[in-house]
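What follows is the content of start22.cif, which has mmCIF, C-alpha atoms:
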```
data_coords
#
loop_
_atom_site.label_atom_id
_atom_site.label_comp_id
_atom_site.auth_asym_id
_atom_site.auth_seq_id
_atom_site.Cartn_x
_atom_site.Cartn_y
_atom_site.Cartn_z
CA MET A 163 30.16 163.62 -45.99
CA ILE A 164 31.28 165.82 -43.08
CA ILE A 165 29.61 163.49 -40.56
CA ALA A 166 31.40 160.50 -42.11
CA PHE A 167 34.69 162.42 -41.92
CA CYS A 168 34.10 163.10 -38.22
CA GLY A 169 33.33 159.42 -37.59
CA TYR A 170 36.46 158.37 -39.45
CA LEU A 171 38.50 160.92 -37.52
CA GLY A 172 37.06 159.64 -34.22
CA SER A 173 37.89 156.04 -34.96
CA LEU A 174 41.45 156.88 -36.04
CA SER A 175 41.95 159.14 -33.02
CA PHE A 176 40.92 156.37 -30.65
CA GLY A 177 43.12 153.83 -32.43
CA SER A 178 46.16 156.07 -32.24
CA SER A 179 45.46 157.02 -28.64
CA ASP A 180 44.97 153.39 -27.60
CA THR A 181 48.08 152.16 -29.40
CA LEU A 182 50.46 154.87 -28.18
CA GLY A 183 48.96 154.83 -24.69
CA SER A 184 49.40 151.05 -24.41
CA GLU A 185 52.82 150.74 -26.01
CA ILE A 186 54.40 153.70 -24.25
CA GLY A 187 52.43 153.29 -21.01
CA VAL A 188 53.98 149.86 -20.29
CA MET A 189 57.39 151.57 -20.21
CA SER A 190 56.33 153.88 -17.37
CA LYS A 191 58.43 153.71 -14.24
CA SER A 192 55.30 154.22 -12.13
CA THR A 193 53.05 151.29 -11.28
CA PRO A 194 49.75 151.34 -13.21
CA ILE A 195 46.48 151.75 -11.37
CA LEU A 196 43.28 149.97 -12.35
CA ILE A 197 40.93 152.54 -13.90
CA THR A 198 37.87 151.02 -12.20
CA MET A 199 39.62 150.90 -8.78
CA PRO A 200 42.16 153.74 -8.71
CA TRP A 201 43.45 152.72 -5.26
CA ARG A 202 44.56 149.34 -6.64
CA HIS A 203 47.98 148.97 -8.29
CA VAL A 204 48.29 146.35 -11.04
CA PRO A 205 51.18 144.91 -13.08
CA ALA A 206 52.10 146.63 -16.36
CA GLY A 207 50.13 145.12 -19.23
CA THR A 208 46.93 144.61 -17.23
CA ASN A 209 43.79 145.48 -19.20
CA GLY A 210 42.42 148.68 -17.69
CA GLY A 211 45.72 149.59 -16.05
CA VAL A 212 46.62 153.25 -16.62
CA THR A 213 49.64 155.47 -16.01
CA LEU A 214 50.20 159.18 -16.45
CA LEU A 215 52.81 158.45 -19.15
CA GLY A 216 50.39 156.20 -21.07
CA THR A 217 47.59 158.74 -20.80
CA ALA A 218 49.85 161.55 -22.05
CA ALA A 219 51.09 159.36 -24.92
CA GLY A 220 47.48 158.58 -25.85
CA MET A 221 46.62 162.28 -25.88
CA LEU A 222 49.65 162.94 -28.08
CA GLY A 223 48.53 160.20 -30.49
CA SER A 224 45.04 161.65 -30.89
CA PHE A 225 46.51 165.17 -31.22
CA LEU A 226 48.79 163.99 -34.04
CA VAL A 227 45.81 162.45 -35.86
CA GLY A 228 43.91 165.73 -35.43
CA LEU A 229 46.87 167.77 -36.64
CA SER A 230 47.23 165.52 -39.68
CA ALA A 231 43.50 165.84 -40.42
CA ALA A 232 43.59 169.63 -40.01
CA LEU A 233 46.58 169.99 -42.35
CA THR A 234 44.97 167.68 -44.89
CA LEU A 235 41.75 169.72 -44.78
CA PHE A 236 43.65 172.97 -45.19
CA LEU A 237 45.67 171.69 -48.14
CA SER A 238 42.72 170.01 -49.87
CA PRO A 239 41.03 172.18 -52.49
CA LEU A 240 37.80 170.24 -51.96
CA SER A 241 37.65 170.48 -48.18
CA PRO A 242 34.01 170.29 -47.06
CA LEU A 243 34.73 172.24 -43.86
CA LEU A 244 36.57 175.24 -45.31
CA PRO A 245 35.58 177.84 -47.91
CA SER A 246 37.50 177.42 -51.18
CA SER A 247 39.39 180.69 -50.77
CA SER A 248 40.46 180.21 -47.14
CA SER A 249 43.65 181.62 -45.78
CA TRP A 250 45.52 180.03 -42.90
CA SER A 251 44.34 182.70 -40.44
CA SER A 252 40.67 182.45 -41.47
CA SER A 253 40.81 178.63 -41.33
CA LEU A 254 42.54 178.43 -37.96
CA PRO A 255 39.38 178.36 -35.78
CA THR A 256 37.89 175.49 -37.79
CA LEU A 257 41.17 173.58 -37.89
CA THR A 258 41.56 174.03 -34.13
CA MET A 259 38.09 172.54 -33.62
CA VAL A 260 39.08 169.55 -35.79
CA MET A 261 42.10 168.98 -33.55
CA MET A 262 40.00 169.41 -30.39
CA CYS A 263 37.44 166.93 -31.70
CA SER A 264 40.23 164.45 -32.39
CA VAL A 265 41.81 164.80 -28.94
CA LEU A 266 38.48 164.62 -27.09
CA THR A 267 37.32 161.58 -29.05
CA GLY A 268 40.68 159.84 -28.60
CA VAL A 269 40.80 160.47 -24.85
CA ILE A 270 37.17 159.50 -24.24
CA GLY A 271 37.65 156.41 -26.41
CA SER A 272 40.76 155.40 -24.47
CA VAL A 273 38.95 155.82 -21.15
CA LEU A 274 36.08 153.67 -22.48
CA ASP A 275 38.60 151.10 -23.72
CA SER A 276 40.24 150.96 -20.29
CA ILE A 277 36.91 150.62 -18.46
CA ILE A 278 35.64 147.90 -20.80
CA GLY A 279 39.03 146.17 -20.69
CA ALA A 280 39.10 146.23 -16.90
CA THR A 281 35.61 144.76 -16.62
CA LEU A 282 34.87 142.56 -19.63
CA GLN A 283 38.37 141.45 -20.65
CA TYR A 284 40.26 138.95 -18.51
CA SER A 285 43.68 139.80 -17.06
CA GLY A 286 45.57 137.30 -14.99
CA TRP A 287 49.07 136.79 -13.59
CA ASP A 288 50.86 133.69 -14.84
CA GLU A 289 53.23 132.91 -11.96
CA SER A 290 55.29 130.35 -13.90
CA HIS A 291 56.07 132.83 -16.72
CA LYS A 292 55.96 135.97 -14.53
CA ARG A 293 53.71 137.90 -16.91
CA VAL A 294 50.19 139.19 -17.45
CA VAL A 295 48.01 136.98 -19.65
CA ASN A 296 44.65 137.68 -21.29
CA PHE A 297 43.01 134.32 -20.70
CA PRO A 298 42.58 131.93 -17.78
CA ASN A 299 44.45 128.62 -17.86
CA ARG A 300 41.57 126.17 -18.13
CA SER A 301 43.74 123.06 -17.89
CA GLN A 302 45.49 124.30 -14.71
CA PRO A 303 43.08 126.73 -12.99
CA ASN A 304 45.54 127.55 -10.19
CA ALA A 305 48.40 128.42 -12.58
CA VAL A 306 46.98 131.87 -13.39
CA LYS A 307 45.69 134.27 -10.73
CA ARG A 308 42.92 136.63 -11.88
CA ILE A 309 43.82 140.32 -11.65
CA SER A 310 40.71 141.88 -13.16
CA GLY A 311 37.93 141.50 -15.70
CA CYS A 312 35.67 138.70 -16.83
CA ASP A 313 36.52 136.46 -19.77
CA ILE A 314 33.78 137.90 -22.01
CA LEU A 315 35.58 139.95 -24.70
CA SER A 316 38.99 139.58 -26.32
CA ASN A 317 41.27 142.57 -26.96
CA VAL A 318 40.22 142.62 -30.62
CA GLN A 319 36.55 142.69 -29.63
CA VAL A 320 37.10 145.51 -27.12
CA ASN A 321 38.96 147.54 -29.75
CA PHE A 322 36.20 146.93 -32.30
CA VAL A 323 33.47 148.04 -29.88
CA VAL A 324 35.34 151.17 -28.81
CA SER A 325 36.35 152.06 -32.40
CA LEU A 326 32.69 151.87 -33.36
CA LEU A 327 31.63 153.92 -30.33
CA SER A 328 34.33 156.51 -31.11
CA ALA A 329 33.17 156.76 -34.73
CA LEU A 330 29.59 157.30 -33.53
CA MET A 331 30.59 159.73 -30.76
CA ALA A 332 32.87 162.01 -32.85
CA PRO A 333 30.09 163.69 -34.88
CA PHE A 334 28.30 164.58 -31.62
CA ILE A 335 31.50 166.04 -30.19
CA ALA A 336 32.04 167.97 -33.44
CA HIS A 337 28.46 169.24 -33.17
CA GLN A 338 29.02 170.40 -29.58
CA LEU A 339 32.20 172.21 -30.70
CA GLY A 340 30.25 173.97 -33.46
CA LEU A 341 32.18 172.19 -36.22
CA VAL A 342 29.13 170.54 -37.84
CA SER A 343 25.39 170.79 -37.53
CA LEU A 344 23.72 167.45 -36.96
CA PHE A 345 20.26 168.99 -36.93
CA PRO A 346 20.04 171.57 -39.75
CA GLY A 347 17.40 174.20 -39.26
CA LYS A 348 17.34 173.97 -35.46
#
```
Could you render the structure from this file as structure tokens?
Amino acid sequence: MIIAFCGYLGSLSFGSSDTLGSEIGVMSKSTPILITMPWRHVPAGTNGGVTLLGTAAGMLGSFLVGLSAALTLFLSPLSPLLPSSSSWSSSLPTLTMVMMCSVLTGVIGSVLDSIIGATLQYSGWDESHKRVVNFPNRSQPNAVKRISGCDILSNVQVNFVVSLLSALMAPFIAHQLGLVSLFPGK
């Protein structure tokens, strides 16, 4: 049950980090850089484009998920991670580890999302509409100029893959933080 909770937490942390990072990051006044080629500036909205504002917003999103999870665990009388008679001060180390697990999983997931997006998800510049698009124009190949990525995965597919990876990665992060034991008896 605890492992499933960690996986669920990891997936939610990535989702929140990705959403806040993307939605707030496009409002950054600084030009995004491509995560796979940090010397290359790209238009806002490019898959794999990152800004400091977007990264900070993503970290905040995963922190808020972790905080929400920690408060829920503390207030739940059936919390699998805390003894039934826990006080706030005795629970604080465990709750801090829950928040750390959330932030680490969210940040690592967002980095993975950016790398996969920059490489396996198409981004192009549509000159006629002056915007970034996620697919090449097959009827007019010269209408859209490729910025990055191959046309292999859609945004939904990238998010699915990284959500799954985050759910699988979170229990290992929780294990490394001492929150859970994946290998009892060792």
Between CA of Glu289 in chain A and CA of Gly187 in chain A lies a distance of 22.3 Å
Neighbour residues at most 10 Å from (40.7, 142.4, -26.5) (only C-alpha atoms) as a VMD selection string: chain A and resid 209 275 278 to 279 282 to 284 296 313 to 323
Pick from A:Val269, A:Asn304, A:Pro333, A:Ser310: nearest to Asp180 in chain A, with only C-alpha atoms counted?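 Checking each of A:Val269, A:Asn304, A:Pro333, A:Ser310 against Asp180 in chain A, counting only C-alpha atoms, the winner is A:Val269.
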Ser290 in chain A surroundings by only C-alpha atoms, 10 Å radius, close-in-sequence under 3 positions cut, as an MDAnalysis selection string: chainID A and resid 287 293 305:306
Counting all atoms listed in the file, what is within 9 Å of range 203-207 of chain A, bar same-chain residues fewer than 5 positions away, as a ChimeraX atom specification? /A:184,187-190,193-196,212,285,287,293-295,309
Could the residues in this selection be saved with C-alpha atoms as a PDB file, in the frame of the given file?
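And here's part-v2.pdb as it stands now:
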```pdb
ATOM      1  CA  SER A 184      49.400 151.050 -24.410  1.00  0.00           C
ATOM      2  CA  GLY A 187      52.430 153.290 -21.010  1.00  0.00           C
ATOM      3  CA  VAL A 188      53.980 149.860 -20.290  1.00  0.00           C
ATOM      4  CA  MET A 189      57.390 151.570 -20.210  1.00  0.00           C
ATOM      5  CA  SER A 190      56.330 153.880 -17.370  1.00  0.00           C
ATOM      6  CA  THR A 193      53.050 151.290 -11.280  1.00  0.00           C
ATOM      7  CA  PRO A 194      49.750 151.340 -13.210  1.00  0.00           C
ATOM      8  CA  ILE A 195      46.480 151.750 -11.370  1.00  0.00           C
ATOM      9  CA  LEU A 196      43.280 149.970 -12.350  1.00  0.00           C
ATOM     10  CA  VAL A 212      46.620 153.250 -16.620  1.00  0.00           C
ATOM     11  CA  SER A 285      43.680 139.800 -17.060  1.00  0.00           C
ATOM     12  CA  TRP A 287      49.070 136.790 -13.590  1.00  0.00           C
ATOM     13  CA  ARG A 293      53.710 137.900 -16.910  1.00  0.00           C
ATOM     14  CA  VAL A 294      50.190 139.190 -17.450  1.00  0.00           C
ATOM     15  CA  VAL A 295      48.010 136.980 -19.650  1.00  0.00           C
ATOM     16  CA  ILE A 309      43.820 140.320 -11.650  1.00  0.00           C
TER      17      ILE A 309
END
```
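Distances to Asp288 in chain A were evaluated for A:Ser238, A:Thr208, A:Ser264, A:Ser224 using all atoms listed in the file, and the minimum falls at A:Thr208.
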Figure out the distance between CA of Thr258 in chain A and CA of Ala232 in chain A, please, to one decimal in Å.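 Between CA of Ala232 in chain A and CA of Thr258 in chain A the gap is 7.6 Å.
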Report, in Å to a single decimal, how far apart CA of Leu254 in chain A and CA of Ala219 in chain A are. 24.6 Å
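Once the PyMOL selection byres ((chain A and resi 225) around 9) is applied to the depicted file, the selected set reads Ser175, Ser179, Gly220, Met221, Leu222, Gly223, Ser224, Leu226, Val227, Gly228, Leu229, Ser230, Met261, Met262, Ser264, Val265 and Gly268 of chain A.
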Once the PyMOL selection byres ((chain A and resi 170) around 12) is applied to the coordinates I shared, what remains selected? I want it as a count of residues only. 30
Using all atoms listed in the file, find the one residue out of A:Glu185, A:Phe236, A:Met199, A:Gln302 that sits nearest to Pro255 in chain A.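 The shortest atom-to-atom distance to Pro255 in chain A comes from A:Phe236.
When only C-alpha atoms are used to measure the gap to Thr217 in chain A, the shortest distance among A:Val273, A:Val260, A:Leu266, A:Cys312 belongs to A:Val273.
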Min atom-atom distance to Ile186 in chain A from the set A:Ile270, A:Ala280, A:Leu233, A:Ala218, counting all atoms listed in the file, belongs to A:Ala218
Find, counting all atoms listed in the file, the residue in A:Ile197, A:Leu257, A:Val342, A:Leu182 that gets nearest to Gly210 in chain A.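 Nearest to Gly210 in chain A: A:Ile197.
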